[in-house]
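Asks: Can you keep this structure in mind? I'll have questions shortly.
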Amino acid sequence: MTQCNTNFLAPTGFLLDIPGFKEVAFQCVSANIPGISMGGPQQATPLNDFQLSGDKLSYDTLTVRFLVDEDCKNYSLIHNWMVGITYPQKSDQWYEFAQKMTDRNFQDDNLDTIDLSLNILTSNFNTSFKCRFTDAHPVALSTLEFSTDQSDVQYLIAEATFKYVYFKLLDTRNRELTL
């Protein structure tokens, strides 16, 4: 007989794991498990049209917000990743990025995309389950806005948006909770 967990999921218990980007993960203040949707064709009839079930899933983007450190290193990591993927000024930018990641003991050979994990914590701060994003890469990095008209110090928070192929929910032993 399966025991039912009556504890509710708290929105404040999570840890982001981005291999090679621990500065971003450590300063993460919010992240989401994205929504998914399924589109499908509409069947026309002489009376009312009706929706048929879909055949493809569409995954919303992963959005991560993080506090920017005073040296701007964590923001620069995401920026450099985006520049490395697209090499907008010169073709060597990919190799420069790859070299910087090698210097950081990055283990993966493919730096265009990596697998990210969002560990969801219990009320006792133990991992309850995780959401693994397969082949993720950044597609947007927010503006950093500076202003002198603030009465209190509001530390800068950046937002990075990621696309990925799919995500799966896994238990603490990496067994799939979702198909």
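Chain labels run A, B, ... following the order of the structure tokens; each chain numbers its residues from 1, and ligands are numbered from 1 in the order shown.
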Listing only residues of range 49-151 of chain A within 7 Å of range 7-29 of chain A, what is the closest atom pair and its distance in Å (to one decimal) for each, using only C-alpha atoms, sorted by chain and residue number ascending, as a Markdown table?
Replies:
| residue | atom | partner | partner_atom | distance |
| --- | --- | --- | --- | --- |
| A:Val64 | CA | A:Cys28 | CA | 6.9 |
| A:Arg65 | CA | A:Val29 | CA | 5.7 |
| A:Phe66 | CA | A:Cys28 | CA | 4.0 |
| A:Leu67 | CA | A:Gln27 | CA | 5.3 |
| A:Asn74 | CA | A:Val24 | CA | 5.1 |
| A:Met101 | CA | A:Gly20 | CA | 7.0 |
| A:Arg104 | CA | A:Gly20 | CA | 6.7 |
| A:Phe106 | CA | A:Gly20 | CA | 5.3 |
| A:Leu116 | CA | A:Ile18 | CA | 5.0 |
| A:Ser117 | CA | A:Asp17 | CA | 5.0 |
| A:Leu118 | CA | A:Leu16 | CA | 4.6 |
| A:Asn119 | CA | A:Leu15 | CA | 5.0 |
| A:Ile120 | CA | A:Phe14 | CA | 4.5 |
| A:Leu121 | CA | A:Gly13 | CA | 4.7 |
| A:Thr122 | CA | A:Gly13 | CA | 6.7 |
| A:Phe125 | CA | A:Gly13 | CA | 6.7 |
Asks: Quick one: DSSP strand (DSSP E or B) residues in range 85-135 of chain A, as a PyMOL selection string?
Replies: chain A and resi 114-121+127-135
Asks: Could you tell me how far CA of Phe129 in chain A lies from CA of Thr61 in chain A, in Å and to one decimal?
Replies: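 Spanning CA of Phe129 in chain A to CA of Thr61 in chain A is a straight-line distance of 19.9 Å.
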Asks: Among range 5-127 of chain A, which residues carry a DSSP assignment of helix (DSSP H, G or I), reported as an NGL selection string?
Replies: :A and (22-26 or 73-86 or 93-103)
Asks: Write the selection just made, keeping N, CA, C and O atoms, as a short mmCIF file (atom, residue, chain, number, x, y, z; two decimals), in the first residue's frame?
Replies:
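Final file, again_19.cif:
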data_model
loop_
_atom_site.label_atom_id
_atom_site.label_comp_id
_atom_site.auth_asym_id
_atom_site.auth_seq_id
_atom_site.Cartn_x
_atom_site.Cartn_y
_atom_site.Cartn_z
N LYS A 22 28.28 27.23 -11.48
CA LYS A 22 27.83 27.22 -10.08
C LYS A 22 27.56 28.61 -9.53
O LYS A 22 26.73 28.78 -8.65
N GLU A 23 28.22 29.65 -10.06
CA GLU A 23 27.98 31.01 -9.57
C GLU A 23 26.57 31.47 -9.89
O GLU A 23 25.96 32.20 -9.11
N VAL A 24 26.05 31.06 -11.02
CA VAL A 24 24.67 31.40 -11.37
C VAL A 24 23.72 30.60 -10.50
O VAL A 24 22.77 31.14 -9.93
N ALA A 25 23.97 29.31 -10.37
CA ALA A 25 23.10 28.43 -9.60
C ALA A 25 23.06 28.85 -8.13
O ALA A 25 21.99 28.86 -7.51
N PHE A 26 24.20 29.21 -7.57
CA PHE A 26 24.27 29.57 -6.16
C PHE A 26 23.46 30.83 -5.85
O PHE A 26 22.85 30.94 -4.80
N LYS A 73 30.49 38.38 -12.43
CA LYS A 73 31.01 37.13 -12.98
C LYS A 73 29.89 36.18 -13.40
O LYS A 73 29.97 35.55 -14.46
N ASN A 74 28.84 36.06 -12.57
CA ASN A 74 27.78 35.13 -12.93
C ASN A 74 27.00 35.61 -14.17
O ASN A 74 26.65 34.81 -15.03
N TYR A 75 26.77 36.89 -14.28
CA TYR A 75 26.12 37.45 -15.47
C TYR A 75 27.00 37.22 -16.69
O TYR A 75 26.52 36.83 -17.76
N SER A 76 28.30 37.44 -16.54
CA SER A 76 29.24 37.26 -17.64
C SER A 76 29.30 35.82 -18.12
O SER A 76 29.50 35.57 -19.32
N LEU A 77 29.13 34.85 -17.22
CA LEU A 77 29.14 33.45 -17.63
C LEU A 77 28.03 33.15 -18.63
O LEU A 77 28.27 32.50 -19.66
N ILE A 78 26.82 33.62 -18.33
CA ILE A 78 25.71 33.38 -19.25
C ILE A 78 25.93 34.16 -20.54
O ILE A 78 25.72 33.66 -21.64
N HIS A 79 26.38 35.40 -20.41
CA HIS A 79 26.68 36.21 -21.59
C HIS A 79 27.70 35.50 -22.49
O HIS A 79 27.53 35.39 -23.70
N ASN A 80 28.79 35.02 -21.89
CA ASN A 80 29.83 34.35 -22.65
C ASN A 80 29.32 33.07 -23.30
O ASN A 80 29.75 32.71 -24.41
N TRP A 81 28.43 32.37 -22.63
CA TRP A 81 27.84 31.16 -23.20
C TRP A 81 27.07 31.52 -24.48
O TRP A 81 27.22 30.88 -25.52
N MET A 82 26.28 32.58 -24.39
CA MET A 82 25.50 33.01 -25.56
C MET A 82 26.43 33.47 -26.70
O MET A 82 26.21 33.15 -27.86
N VAL A 83 27.47 34.22 -26.34
CA VAL A 83 28.43 34.68 -27.35
C VAL A 83 29.17 33.47 -27.94
O VAL A 83 29.38 33.39 -29.15
N GLY A 84 29.56 32.52 -27.10
CA GLY A 84 30.26 31.33 -27.57
C GLY A 84 29.43 30.52 -28.55
O GLY A 84 29.95 29.99 -29.53
N ILE A 85 28.14 30.41 -28.31
CA ILE A 85 27.26 29.66 -29.20
C ILE A 85 27.12 30.37 -30.55
O ILE A 85 27.13 29.75 -31.61
N THR A 86 27.01 31.70 -30.51
CA THR A 86 26.70 32.45 -31.74
C THR A 86 27.90 33.11 -32.39
O THR A 86 27.81 33.51 -33.54
N GLN A 93 35.49 33.13 -31.14
CA GLN A 93 34.78 33.29 -29.86
C GLN A 93 34.29 31.96 -29.29
O GLN A 93 34.25 31.79 -28.09
N TRP A 94 33.93 31.02 -30.16
CA TRP A 94 33.53 29.71 -29.67
C TRP A 94 34.70 29.04 -28.97
O TRP A 94 34.56 28.49 -27.88
N TYR A 95 35.88 29.10 -29.55
CA TYR A 95 37.05 28.45 -28.96
C TYR A 95 37.48 29.14 -27.66
O TYR A 95 37.91 28.47 -26.73
N GLU A 96 37.34 30.46 -27.61
CA GLU A 96 37.65 31.19 -26.38
C GLU A 96 36.71 30.75 -25.26
O GLU A 96 37.15 30.51 -24.12
N PHE A 97 35.43 30.63 -25.58
CA PHE A 97 34.46 30.18 -24.59
C PHE A 97 34.76 28.75 -24.15
O PHE A 97 34.78 28.44 -22.95
N ALA A 98 35.03 27.87 -25.09
CA ALA A 98 35.34 26.47 -24.78
C ALA A 98 36.58 26.38 -23.89
O ALA A 98 36.62 25.59 -22.95
N GLN A 99 37.59 27.22 -24.15
CA GLN A 99 38.80 27.21 -23.34
C GLN A 99 38.50 27.68 -21.91
O GLN A 99 38.98 27.09 -20.95
N LYS A 100 37.68 28.73 -21.77
CA LYS A 100 37.32 29.22 -20.43
C LYS A 100 36.56 28.16 -19.65
O LYS A 100 36.74 28.00 -18.45
N MET A 101 35.71 27.41 -20.33
CA MET A 101 34.95 26.36 -19.64
C MET A 101 35.86 25.19 -19.27
O MET A 101 35.69 24.59 -18.23
N THR A 102 36.84 24.89 -20.11
CA THR A 102 37.81 23.84 -19.79
C THR A 102 38.62 24.24 -18.56
O THR A 102 38.89 23.43 -17.68
N ASP A 103 38.99 25.52 -18.49
CA ASP A 103 39.72 26.03 -17.32
C ASP A 103 38.89 25.92 -16.05
O ASP A 103 39.43 25.88 -14.96
#
Asks: What lies within 8 Å of Leu52 in chain A using only C-alpha atoms, ignoring chain neighbours under 6 positions off, as number ranges by chain?
Replies: A: 40-43
Asks: Save the residues we just selected, N, CA, C and O atoms, as a tab-separated table (two decimals), in the first residue's frame?
Replies:
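Wrote it out as part.tsv, contents follow:
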chain	number	residue	atom	x	y	z
A	40	GLY	N	-3.35	20.67	-31.46
A	40	GLY	CA	-3.86	19.65	-32.36
A	40	GLY	C	-4.77	20.25	-33.40
A	40	GLY	O	-5.19	21.41	-33.28
A	41	PRO	N	-5.10	19.49	-34.40
A	41	PRO	CA	-5.95	20.01	-35.47
A	41	PRO	C	-7.40	20.16	-35.01
A	41	PRO	O	-7.84	19.50	-34.08
A	42	GLN	N	-8.10	21.01	-35.71
A	42	GLN	CA	-9.51	21.21	-35.43
A	42	GLN	C	-10.30	20.51	-36.53
A	42	GLN	O	-10.00	20.66	-37.72
A	43	GLN	N	-11.28	19.72	-36.14
A	43	GLN	CA	-12.11	18.98	-37.10
A	43	GLN	C	-13.33	19.81	-37.43
A	43	GLN	O	-14.12	20.16	-36.56
Asks: So what do you get for CA of Ser58 in chain A versus CA of Asp112 in chain A, distance-wise?
Replies: 21.1 Å
Asks: For a quick check of understanding, using only C-alpha atoms, which of A:Leu47, A:Ile36, A:Ala158, A:Cys131 has the smallest distance to Thr143 in chain A?
Replies: A:Ala158
Asks: Neighbouring residues of Ile114 in chain A were defined as those with any atom within 9 Å, considering only C-alpha atoms; residues of the same chain fewer than 6 positions away were excluded. Please report them as a list in words.
Replies: Ile18, Pro19, Asp108, Phe133, Thr134, Asp135, Ala136, His137 and Tyr164 of chain A
Asks: CA of Asp115 in chain A to CA of Leu177 in chain A: how many Å, to one decimal?
Replies: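 We find that CA of Asp115 in chain A and CA of Leu177 in chain A lie 17.3 Å from each other.
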Asks: So which one's closest to Phe162 in chain A, A:Asp92, A:Asp149, A:Asp60, A:Asp69? Using only C-alpha atoms, please.
Replies: A:Asp60
Asks: I need the residue nearest Leu57 in chain A from this list: A:Ala140, A:Pro88, A:Tyr166, A:Thr45. Use only C-alpha atoms for the distance.
Replies: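 Closest to Leu57 in chain A, using only C-alpha atoms: A:Tyr166.
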Asks: A:Asp55, A:Asp71, A:Glu176, A:Asp152: which is nearest Gly39 in chain A, counting only C-alpha atoms?
Replies: A:Asp55
